[in-house]
Structure formats: structure tokens, C-alpha cells
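Visitor: Take a look at final.txt, compact mmCIF, C-alpha atoms:
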```
# COMPACT_ATOMS: atom_id res chain seq x y z
CA MET Q 1 0.00 0.00 0.00
CA HIS Q 2 2.85 2.34 0.89
CA CYS Q 3 4.47 1.55 -2.47
CA ARG Q 4 1.30 2.43 -4.38
CA LYS Q 5 1.01 5.70 -2.43
CA PHE Q 6 4.63 6.56 -3.12
CA ALA Q 7 4.22 5.71 -6.84
CA SER Q 8 1.14 7.93 -7.04
CA ILE Q 9 2.95 10.87 -5.43
CA PHE Q 10 5.96 10.37 -7.71
CA LEU Q 11 3.72 10.24 -10.81
CA CYS Q 12 1.94 13.47 -9.80
CA PHE Q 13 5.30 15.14 -9.20
CA MET Q 14 6.60 14.14 -12.63
CA LEU Q 15 3.40 15.33 -14.33
CA PHE Q 16 3.78 18.66 -12.54
CA ILE Q 17 7.38 18.98 -13.73
CA VAL Q 18 6.48 18.16 -17.35
CA SER Q 19 3.50 20.53 -17.27
CA SER Q 20 5.60 23.35 -15.85
CA PHE Q 21 8.30 22.73 -18.46
CA GLN Q 22 5.82 22.84 -21.32
CA GLN Q 23 4.20 26.01 -20.01
CA SER Q 24 7.59 27.67 -19.73
CA ILE Q 25 8.27 27.13 -23.42
CA THR Q 26 7.49 30.24 -25.42
CA PRO Q 27 7.54 29.99 -29.20
CA THR Q 28 10.02 32.38 -30.73
CA THR Q 29 10.33 34.02 -34.11
CA ASP Q 30 13.22 32.47 -36.01
CA MET Q 31 14.61 33.91 -39.20
CA ALA Q 32 17.13 32.99 -41.86
CA PHE Q 33 18.77 35.42 -44.26
CA SER Q 34 21.94 35.81 -46.26
CA ARG Q 35 24.57 38.51 -46.56
CA ASP Q 36 26.35 37.78 -49.81
CA LYS Q 37 27.95 34.35 -49.18
CA ILE Q 38 27.14 34.22 -45.45
CA VAL Q 39 23.91 32.49 -44.34
CA THR Q 40 22.61 33.31 -40.88
CA ALA Q 41 19.76 31.75 -38.93
CA GLY Q 42 18.73 32.78 -35.45
CA SER Q 43 16.03 33.77 -32.99
CA PHE Q 44 14.63 37.04 -31.74
CA MET Q 45 15.13 37.09 -27.98
CA PRO Q 46 12.54 38.46 -25.50
CA THR Q 47 14.91 41.44 -25.16
CA GLY Q 48 14.37 42.21 -28.83
CA ASN Q 49 17.92 41.24 -29.74
CA PHE Q 50 18.62 38.74 -32.50
CA LYS Q 51 20.75 35.76 -31.47
CA ALA Q 52 22.32 33.79 -34.30
CA PHE Q 53 22.55 30.02 -33.88
CA TRP Q 54 23.95 29.34 -37.35
CA ASN Q 55 26.47 31.20 -39.50
CA THR Q 56 28.01 29.47 -42.48
CA GLU Q 57 29.72 30.56 -45.66
CA MET Q 58 28.58 29.08 -48.95
CA GLN Q 59 30.69 28.79 -52.10
CA GLY Q 60 28.90 31.58 -53.96
CA THR Q 61 26.46 34.43 -53.38
CA VAL Q 62 23.22 33.27 -51.74
CA TYR Q 63 19.96 34.68 -53.09
CA GLY Q 64 17.18 32.34 -51.93
CA ILE Q 65 16.20 31.27 -48.41
CA ALA Q 66 13.30 28.98 -47.45
CA TYR Q 67 12.25 26.86 -44.48
CA ASP Q 68 10.48 23.50 -44.50
CA ASP Q 69 8.34 23.22 -41.39
CA VAL Q 70 7.89 19.45 -41.85
CA GLU Q 71 11.55 18.55 -42.25
CA LYS Q 72 12.65 21.47 -40.02
CA SER Q 73 15.26 22.34 -42.62
CA VAL Q 74 16.62 25.58 -44.05
CA TYR Q 75 17.13 25.68 -47.84
CA VAL Q 76 19.49 28.10 -49.59
CA SER Q 77 20.24 28.81 -53.24
CA ASP Q 78 23.74 29.66 -54.46
CA ASN Q 79 23.26 32.07 -57.36
CA THR Q 80 26.88 31.92 -58.47
CA ASN Q 81 27.13 28.14 -58.82
CA GLY Q 82 23.49 27.12 -59.30
CA ILE Q 83 23.39 24.92 -56.19
CA ILE Q 84 20.52 24.44 -53.74
CA SER Q 85 21.52 23.11 -50.34
CA LYS Q 86 19.73 22.37 -47.09
CA SER Q 87 20.58 21.96 -43.43
CA SER Q 88 18.41 20.47 -40.69
CA VAL Q 89 17.50 22.49 -37.61
CA ARG Q 90 16.98 19.20 -35.76
CA ASN Q 91 20.70 18.40 -35.93
CA GLY Q 92 21.69 21.93 -35.03
CA LEU Q 93 22.30 22.92 -38.67
CA ALA Q 94 25.61 21.10 -38.33
CA ASP Q 95 25.69 19.61 -41.84
CA VAL Q 96 24.96 21.20 -45.22
CA GLU Q 97 23.61 18.78 -47.85
CA LYS Q 98 23.55 19.52 -51.56
CA VAL Q 99 20.02 19.05 -52.95
CA LEU Q 100 20.32 20.21 -56.57
CA ASP Q 101 23.22 21.25 -58.78
CA LEU Q 102 21.96 23.08 -61.88
CA GLY Q 103 25.13 24.92 -62.82
CA GLY Q 104 25.96 28.61 -62.66
CA SER Q 105 24.01 29.47 -65.83
CA ALA Q 106 20.75 28.79 -63.93
CA LYS Q 107 21.27 31.98 -61.84
CA LEU Q 108 19.11 30.72 -58.99
CA GLU Q 109 17.02 33.30 -57.16
CA SER Q 110 14.22 32.87 -54.59
CA LEU Q 111 12.97 29.64 -52.99
CA ALA Q 112 9.76 28.36 -51.42
CA VAL Q 113 8.81 25.04 -49.83
CA VAL Q 114 5.23 23.82 -49.72
CA GLU Q 115 3.59 20.38 -49.56
CA GLN Q 116 6.94 18.60 -49.51
CA SER Q 117 8.02 20.26 -52.76
CA LEU Q 118 10.73 22.81 -53.38
CA TYR Q 119 9.99 25.73 -55.71
CA PHE Q 120 12.73 27.94 -57.12
CA ILE Q 121 13.36 30.59 -59.74
CA ALA Q 122 16.12 30.01 -62.31
CA ARG Q 123 16.58 33.54 -63.66
CA GLY Q 124 19.10 32.31 -66.22
CA TYR Q 125 16.28 30.40 -67.92
CA ASN Q 126 13.38 32.66 -66.80
CA THR Q 127 11.61 29.69 -65.25
CA VAL Q 128 9.71 28.85 -62.09
CA ASN Q 129 10.53 25.28 -61.16
CA LYS Q 130 9.20 22.59 -58.86
CA ALA Q 131 11.22 19.76 -57.38
CA ASN Q 132 9.88 17.05 -55.14
CA LEU Q 133 12.08 16.70 -52.11
CA ASN Q 134 13.33 13.48 -53.70
CA ARG Q 135 15.08 15.80 -56.19
CA SER Q 136 13.15 15.56 -59.45
CA PRO Q 137 12.82 19.11 -60.87
CA SER Q 138 10.35 20.23 -63.52
CA VAL Q 139 9.39 23.60 -65.04
CA ILE Q 140 5.95 24.92 -64.06
CA TYR Q 141 6.35 28.32 -65.76
CA ARG Q 142 8.65 29.49 -68.54
CA GLY Q 143 8.87 33.22 -69.12
CA SER Q 144 9.94 35.09 -72.24
CA THR Q 145 13.40 36.54 -72.84
CA ASN Q 146 12.30 40.04 -71.75
CA GLN Q 147 11.28 38.84 -68.29
CA LYS Q 148 13.43 38.92 -65.14
CA LEU Q 149 11.89 36.70 -62.50
CA ARG Q 150 12.94 37.60 -58.97
CA GLY Q 151 10.81 37.01 -55.82
CA LEU Q 152 8.87 33.83 -54.96
CA ALA Q 153 6.36 32.97 -52.23
CA ALA Q 154 3.94 30.10 -51.59
CA ASP Q 155 0.39 30.26 -50.31
CA PRO Q 156 -0.08 26.80 -48.73
CA LYS Q 157 -3.65 27.55 -47.63
CA ASN Q 158 -4.87 28.18 -51.18
CA ARG Q 159 -2.26 25.91 -52.82
CA GLN Q 160 -0.82 28.68 -55.00
CA ILE Q 161 2.60 30.10 -55.84
CA TYR Q 162 3.40 33.77 -56.55
CA TRP Q 163 6.42 35.39 -58.20
CA THR Q 164 7.63 38.86 -59.17
CA ASP Q 165 9.03 39.94 -62.51
CA TRP Q 166 10.94 43.19 -63.09
CA GLY Q 167 11.67 42.74 -66.75
CA GLU Q 168 10.38 44.83 -69.63
CA LEU Q 169 6.84 44.71 -68.21
CA PRO Q 170 7.14 44.52 -64.40
CA ARG Q 171 4.41 42.38 -62.90
CA ILE Q 172 3.30 39.90 -60.26
CA GLN Q 173 1.99 36.52 -61.36
CA ARG Q 174 0.36 33.56 -59.73
CA SER Q 175 -0.41 29.94 -60.55
CA GLU Q 176 -1.57 26.78 -58.89
CA LEU Q 177 1.18 24.65 -57.39
CA ASP Q 178 1.35 22.57 -60.57
CA GLY Q 179 1.73 25.68 -62.77
CA SER Q 180 -1.84 25.67 -64.05
CA LEU Q 181 -4.29 28.63 -64.05
CA LEU Q 182 -1.68 31.31 -64.67
CA PHE Q 183 -2.96 34.69 -63.49
CA THR Q 184 -1.48 38.20 -63.56
CA VAL Q 185 -2.05 39.85 -60.20
CA ALA Q 186 -0.65 43.27 -61.16
CA ASN Q 187 1.22 44.82 -64.09
CA SER Q 188 1.18 48.52 -63.24
CA GLY Q 189 2.69 50.69 -60.51
CA LEU Q 190 5.80 48.48 -60.38
CA VAL Q 191 9.39 49.02 -61.51
CA TYR Q 192 11.66 46.73 -59.46
CA PRO Q 193 9.37 44.30 -57.59
CA ASN Q 194 11.80 42.26 -55.51
CA GLY Q 195 10.70 40.07 -52.60
CA ILE Q 196 7.13 38.94 -52.04
CA ALA Q 197 5.34 37.51 -48.99
CA VAL Q 198 1.90 35.95 -48.59
CA ASP Q 199 -0.26 36.60 -45.53
CA SER Q 200 -2.97 33.96 -45.96
CA SER Q 201 -4.66 34.77 -42.65
CA ASN Q 202 -5.35 38.37 -43.66
CA LYS Q 203 -5.68 37.67 -47.40
CA ALA Q 204 -2.85 39.94 -48.46
CA LEU Q 205 0.36 40.02 -50.47
CA TYR Q 206 3.32 42.26 -49.63
CA VAL Q 207 5.79 43.19 -52.34
CA ALA Q 208 9.11 45.00 -51.91
CA GLU Q 209 9.30 47.70 -54.59
CA GLY Q 210 13.00 48.52 -54.85
CA LYS Q 211 12.78 51.53 -57.17
CA TYR Q 212 10.56 53.60 -54.86
CA ASN Q 213 11.69 51.94 -51.60
CA GLN Q 214 8.11 50.95 -50.76
CA ILE Q 215 6.21 47.95 -49.47
CA ILE Q 216 3.16 47.47 -51.68
CA LYS Q 217 0.14 45.63 -50.27
CA TYR Q 218 -2.34 43.72 -52.40
CA SER Q 219 -5.50 42.77 -50.53
CA TYR Q 220 -7.36 39.98 -52.25
CA SER Q 221 -10.82 38.46 -52.19
CA SER Q 222 -12.50 36.20 -54.75
CA GLY Q 223 -9.61 36.62 -57.18
CA SER Q 224 -9.62 40.44 -57.08
CA TYR Q 225 -6.55 42.34 -55.83
CA VAL Q 226 -6.63 45.88 -54.44
CA ARG Q 227 -3.31 47.77 -54.42
CA SER Q 228 -2.15 50.18 -51.72
CA VAL Q 229 1.18 51.52 -50.47
CA PHE Q 230 1.60 49.79 -47.13
CA LEU Q 231 4.62 51.81 -46.09
CA GLU Q 232 7.22 54.21 -47.37
CA ASN Q 233 10.69 53.46 -46.10
CA ASP Q 234 12.22 56.50 -44.49
CA VAL Q 235 15.72 55.25 -45.27
CA ASP Q 236 17.46 57.66 -47.63
CA ILE Q 237 18.49 55.70 -50.73
CA SER Q 238 19.05 58.71 -52.97
CA ASN Q 239 22.80 58.12 -53.04
CA SER Q 240 22.62 54.34 -53.14
CA VAL Q 241 22.14 51.62 -55.72
CA PHE Q 242 19.84 49.35 -53.76
CA GLY Q 243 16.65 49.58 -51.74
CA VAL Q 244 14.05 47.39 -50.03
CA TYR Q 245 14.41 43.76 -51.06
CA GLY Q 246 13.31 40.87 -48.81
CA VAL Q 247 9.93 40.54 -47.05
CA THR Q 248 8.43 37.84 -44.84
CA VAL Q 249 5.33 37.56 -42.62
CA VAL Q 250 5.57 35.86 -39.23
CA ASP Q 251 2.97 35.88 -36.46
CA ASN Q 252 1.12 39.01 -37.66
CA HIS Q 253 4.37 40.91 -38.16
CA LEU Q 254 5.93 41.98 -41.44
CA TYR Q 255 9.73 41.90 -41.63
CA TRP Q 256 11.67 43.49 -44.47
CA SER Q 257 15.26 44.26 -45.41
CA THR Q 258 16.88 47.27 -47.01
CA SER Q 259 20.35 47.08 -48.51
CA ALA Q 260 22.19 50.12 -49.84
CA LYS Q 261 25.61 50.92 -51.19
CA TYR Q 262 26.41 54.57 -50.67
CA ALA Q 263 28.96 56.66 -52.51
CA PHE Q 264 31.11 56.94 -49.37
CA SER Q 265 30.97 53.22 -48.55
CA PRO Q 266 32.88 50.41 -50.29
CA THR Q 267 30.30 47.79 -49.35
CA TYR Q 268 26.56 47.22 -48.96
CA ILE Q 269 24.86 47.95 -45.64
CA THR Q 270 21.72 45.98 -44.68
CA ASN Q 271 19.02 46.70 -42.09
CA ILE Q 272 16.01 44.55 -41.14
CA TYR Q 273 12.80 46.08 -39.75
CA LYS Q 274 9.41 44.88 -38.58
CA VAL Q 275 5.92 46.29 -38.11
CA ASN Q 276 2.77 44.91 -36.49
CA LEU Q 277 0.22 44.07 -39.19
CA ASN Q 278 -2.64 44.45 -36.68
CA ASN Q 279 -1.73 48.09 -36.16
CA THR Q 280 -0.95 49.87 -39.40
CA THR Q 281 -0.02 53.06 -37.54
CA ALA Q 282 2.46 51.24 -35.32
CA GLU Q 283 6.06 52.31 -35.31
CA ARG Q 284 8.35 50.34 -37.59
CA ILE Q 285 10.99 48.73 -35.41
CA PRO Q 286 14.61 48.14 -36.47
CA VAL Q 287 15.43 44.61 -35.38
CA ILE Q 288 18.87 44.17 -36.97
CA GLN Q 289 20.89 47.17 -38.05
CA THR Q 290 23.95 47.97 -40.12
CA MET Q 291 25.05 44.53 -41.22
CA VAL Q 292 27.76 44.36 -43.83
CA GLY Q 293 26.65 42.70 -47.07
CA ARG Q 294 23.57 42.45 -49.27
CA THR Q 295 20.47 40.57 -48.13
CA ARG Q 296 18.02 39.26 -50.70
CA GLN Q 297 15.30 36.85 -49.55
CA LEU Q 298 14.26 36.65 -45.89
CA TYR Q 299 12.33 33.77 -44.38
CA GLY Q 300 10.85 33.72 -40.91
CA TRP Q 301 8.91 31.10 -38.95
CA MET Q 302 7.56 30.44 -35.47
CA ASN Q 303 9.71 27.96 -33.60
CA ASN Q 304 9.05 26.02 -30.42
CA ARG Q 305 12.21 24.96 -28.61
CA TYR Q 306 10.33 21.86 -27.45
CA ASP Q 307 10.45 20.36 -30.97
CA SER Q 308 13.88 21.59 -31.97
CA VAL Q 309 17.20 20.14 -30.88
CA ARG Q 310 20.25 22.26 -31.57
CA SER Q 311 23.89 21.56 -31.08
CA THR Q 312 26.39 24.13 -29.88
CA PRO Q 313 26.29 26.96 -32.43
CA GLN Q 314 29.21 27.30 -34.81
CA SER Q 315 29.27 31.04 -34.13
CA VAL Q 316 26.99 32.83 -31.72
CA SER Q 317 26.38 36.53 -31.81
CA GLU Q 318 23.66 38.63 -30.25
CA ILE Q 319 22.89 41.68 -32.33
CA SER Q 320 21.22 44.61 -30.64
CA PRO Q 321 18.49 46.28 -32.72
CA THR Q 322 19.99 49.65 -31.75
CA PRO Q 323 23.77 49.18 -31.65
CA THR Q 324 26.03 51.87 -30.26
CA PHE Q 325 28.89 52.72 -32.59
CA PRO Q 326 32.21 53.50 -30.91
CA GLY Q 327 33.70 56.77 -32.03
CA SER Q 328 37.20 55.39 -32.51
CA ARG Q 329 38.79 52.02 -32.97
CA PRO Q 330 38.50 49.99 -29.74
CA THR Q 331 41.75 49.35 -27.93
CA GLN Q 332 40.70 46.08 -26.32
CA SER Q 333 41.26 42.74 -28.02
CA GLN Q 334 38.69 41.09 -30.25
CA ASP Q 335 36.61 38.17 -29.03
CA THR Q 336 36.97 36.01 -32.15
CA THR Q 337 34.22 33.59 -31.13
CA SER Q 338 31.43 36.16 -31.11
CA HIS Q 339 33.21 38.78 -33.25
CA LYS Q 340 32.67 41.40 -30.59
CA TYR Q 341 34.64 44.42 -29.50
CA THR Q 342 34.26 46.05 -26.11
CA THR Q 343 35.25 49.69 -25.90
CA PRO Q 344 36.76 51.22 -22.76
CA THR Q 345 33.32 52.69 -22.00
CA GLY Q 346 31.68 49.28 -22.23
CA ASN Q 347 29.85 49.82 -25.53
CA GLN Q 348 29.79 46.80 -27.85
CA TRP Q 349 29.16 46.42 -31.54
CA HIS Q 350 29.91 43.50 -33.79
CA THR Q 351 29.25 41.66 -37.01
CA THR Q 352 29.70 38.00 -37.92
CA ASN Q 353 32.11 38.39 -40.83
CA GLY Q 354 34.96 40.37 -39.30
CA THR Q 355 34.22 43.74 -40.91
CA TRP Q 356 33.65 46.60 -38.50
CA MET Q 357 31.91 49.87 -39.22
CA THR Q 358 32.38 53.32 -37.75
CA ARG Q 359 29.61 55.84 -37.27
CA ASN Q 360 29.87 57.10 -40.86
CA HIS Q 361 29.93 53.60 -42.38
CA THR Q 362 33.64 53.47 -43.16
CA GLU Q 363 35.35 50.17 -42.44
CA TRP Q 364 37.67 48.88 -39.78
CA GLN Q 365 39.49 45.84 -41.10
CA THR Q 366 40.25 43.28 -38.40
```
Would you write out, as C-alpha cells, the structure that this file holds?
Guide:
Amino acid sequence: MHCRKFASIFLCFMLFIVSSFQQSITPTTDMAFSRDKIVTAGSFMPTGNFKAFWNTEMQGTVYGIAYDDVEKSVYVSDNTNGIISKSSVRNGLADVEKVLDLGGSAKLESLAVVEQSLYFIARGYNTVNKANLNRSPSVIYRGSTNQKLRGLAADPKNRQIYWTDWGELPRIQRSELDGSLLFTVANSGLVYPNGIAVDSSNKALYVAEGKYNQIIKYSYSSGSYVRSVFLENDVDISNSVFGVYGVTVVDNHLYWSTSAKYAFSPTYITNIYKVNLNNTTAERIPVIQTMVGRTRQLYGWMNNRYDSVRSTPQSVSEISPTPTFPGSRPTQSQDTTSHKYTTPTGNQWHTTNGTWMTRNHTEWQT
């Protein structure tokens, strides 16, 4: 009898522990993006800072980023070499596996994963392509020679795929997942439509218009799309050669990137922002600022630590959304693990590729 009583108490105690553990788990917003050859994946901390759990350098410049919620894998496209690779979050993104090798002439751009199929744009051939995750690609759309396909996004709820085109006649197009029922969403008011994101819950598309540095919103219902300017970026790009590019929707928030190369800077500078979609008058919040390199596609997702096992990160850095720039080169030694300098006053600022920026965007070479 005493044994049964003890077993009952022990069982209740263990149930309490498990319940408390599960309740303590808070889903986080994870995001993957590239800066030229560097691919970064990480989480937004409760403090608002972004903590990278994966930094790796690919062979060529990375354009496309996608996440498969079933496999828990990040996919990336190497534009230079025409290679699509993936890495599993479950194994801590420790290994990078080549999925497709189409050669550099493919000029791979954006990616999307839906219903266990990988979709990608091969700008070199002006095609939208579908590959089952067992690696059997096929063309679902072939554009003409005057088209320049760029952004790609899937709508799993309605089983559709969208892409942007900033060729001779800039436009946004849509088809079913098998390429059927081709439909032109918009072909006016666009010059350089870059990234595109689908918000199925609120029946909206968001398109990054690089020429005017705007986010364009297309609200849709019963096949009809209504255009509006969702936001004007207040970042001055008058002296630059790049503007807003990547967009992604996560948990009722829109995230977007701006990359610019100014006359006084030898390299591109990228910032990532977010805004609450439930409050269109809400302040846009800088979440990652002044990264060195160009970011194309962003991809964000909700992640629960309970279903994700990660190994020790290859390189961990925590990036403040509002970094403080030191006024002169720090005198203390560099922490090469986190790529972080600490100034005599205690201010810290860092990147993950070893290039350091002063207040006016000139470089410190480490």
C-alpha cells in the first residue's frame, strides 16, 4: 500500500514537472537570411535582440532562403554556382547537404517550400521550377526573354505560388502549385518588384518595390486584388544603388530588409525592420541594423524549442536592434568567437564576418 502511495505521489510530481516545463516554453520568431555568401539563422530574444545560432559561408552568393516546417530544414540557393543546399534544424544545422546542382548558368534566385516540394526561380532560364524533395525538378512556368523573375512565395492555404518579374513589363503573377491557371495579379505601378510575402490569414500580399523603396500591399478576395502603399521606407536611398528587397510575414508581423551601397561606402549595408500588421499606424521597429553585405530573400517562422534540438552553435552573436557605434577604434582585443569588441566605455558592436563599421559607415578591417 505504501508503495502504491509513493508511486502515485511520484507520478503526480513528474506530471507537474512536465507541465511546468511545457508552459515555460514560449515559441520564438526564427529567421534565416543571407549577406552575400554568409547564411545566418537565429532567434529574436525576449529582449528584442537577435541571437544567431547558425552562420556558415557558402561557395557563392546566396539569393534564396526557405524553411520546410515538416523537415525542419533551411534551404538556400547559391546564385553563383546554381546549387541548392539544405541543413536540418533538428541536428543543429551542423551539416549542409547539396540538394540540386543546376550549374551557374541557372542563376538561382528565390525559394519556397510547400507540400513537400521545393519551388525555385532560375533567372538564367526565366523559369519557375518545382522539385519534389526526392530531387526531381520540372518547369511549371517558362517566361519570355524580356522577363526577369525575382521574388517567390507560396500560399499553402490556397495551394498557390506567386512570383515577381521586373523585366520589360514589371508584374506579379500567380499559378496553382502545378503551374496551371496562370494569373497576372498586377502589371502597373511596379518598376523593381523584388521580394514577395503571402499573408494567408489576412488575405494579403506584400511586395518590396526597390525603385521607390516601398512595401506594396495587395488585398485579395474572390480573385480580385486591391493595391495600396503599405509603407514608405524612411531610409534615404538617394545616393545608393539598392533599396528594399526581402519581405516575410511571421505571427502578424511583417519583416523586411533594405540594402544600400552609398557613394562613401565600399560595401553594402543591410538593415532589417518589422511592423505589427494588426496596427498599421504602429512604429516600424529596427530589429537588426547595419550589417555588412547584401540581403536578398528573408524567411521567418515560429519555432518552439520543445520540438527543436540544436547543437552548440558554430558562431553565436547577439545583435542589438539599436547598436552603439564606438567613435574610434577599440583598444581592447577582439573576441573572435562572437566577433565582438568592447570599448573602454563598455559599448559593444559586432558583425559576424569580421568587418567593422564606424559611425559614418567606413570600415575597420580586423
Visitor: Could you work out how far CA of Phe230 in chain Q lies from CA of Ile161 in chain Q, giving the answer in Å with one decimal?
Guide: 21.6 Å
Visitor: Using only C-alpha atoms, which of the listed residues (Q:Thr267, Q:Asn278, Q:Thr248, Q:Thr56) sits closest to Lys86 in chain Q?
Guide: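 Between Q:Thr267, Q:Asn278, Q:Thr248, Q:Thr56, the residue approaching Lys86 in chain Q most closely is Q:Thr56.
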Visitor: Separation of CA of Gly124 in chain Q and CA of Lys107 in chain Q, in Å?
Guide: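 Rounded to one decimal, the two atoms are 4.9 Å apart.
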Visitor: Please provide the set of residues having any atom within 9 Å of Val62 in chain Q, restricted to all atoms listed in the file, with same-chain residues fewer than 6 positions apart removed, written as a list in words.
Guide: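 The residues that qualify are Phe33, Ser34, Arg35, Asp36, Lys37, Ile38, Val39, Val76, Ser77, Asp78, Asn79, Thr80, Leu108, Glu109, Thr295, Arg296 and Gln297 of chain Q.
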Visitor: Between CA of Lys217 in chain Q and CA of Leu231 in chain Q, what is the distance, to one decimal in Å?
Guide: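 One can read the CA of Lys217 in chain Q to CA of Leu231 in chain Q distance as 8.7 Å.
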Visitor: Taking 6 positions as the minimum chain separation for residues in the same chain, which residues sit within 7 Å of range 184-187 of chain Q when counting all atoms listed in the file? Answer as a list in words.
Guide: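 Final neighbour list, sorted by chain and number: Leu169, Pro170, Arg171, Ile172, Gln173, Arg174 and Tyr225 of chain Q.
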Visitor: Give the answer as one residue: which of Q:Ser201, Q:Phe120, Q:Met31, Q:Pro137 has the shortest atom-to-atom distance to Tyr162 in chain Q, using all atoms listed in the file?
Guide: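 Closest to Tyr162 in chain Q of all the choices is Q:Phe120.
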Visitor: Pick from Q:Ala41, Q:Ala66, Q:Ile140, Q:Val249: nearest to Ser200 in chain Q, with all atoms listed in the file counted?
Guide: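 Selected residue with least distance to Ser200 in chain Q: Q:Val249.
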Visitor: Determine the nearest neighbour of Val70 in chain Q from the options Q:Ile83, Q:Val96, Q:Val113, Q:Ile288, counting all atoms listed in the file.
Guide: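 With all atoms listed in the file as the atom set, the closest residue is Q:Val113.
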Visitor: Which residue out of Q:Lys261, Q:Arg90, Q:Leu277, Q:Val244 has the minimum interatomic distance to Ala204 in chain Q when all atoms listed in the file are used?
Guide: Q:Leu277
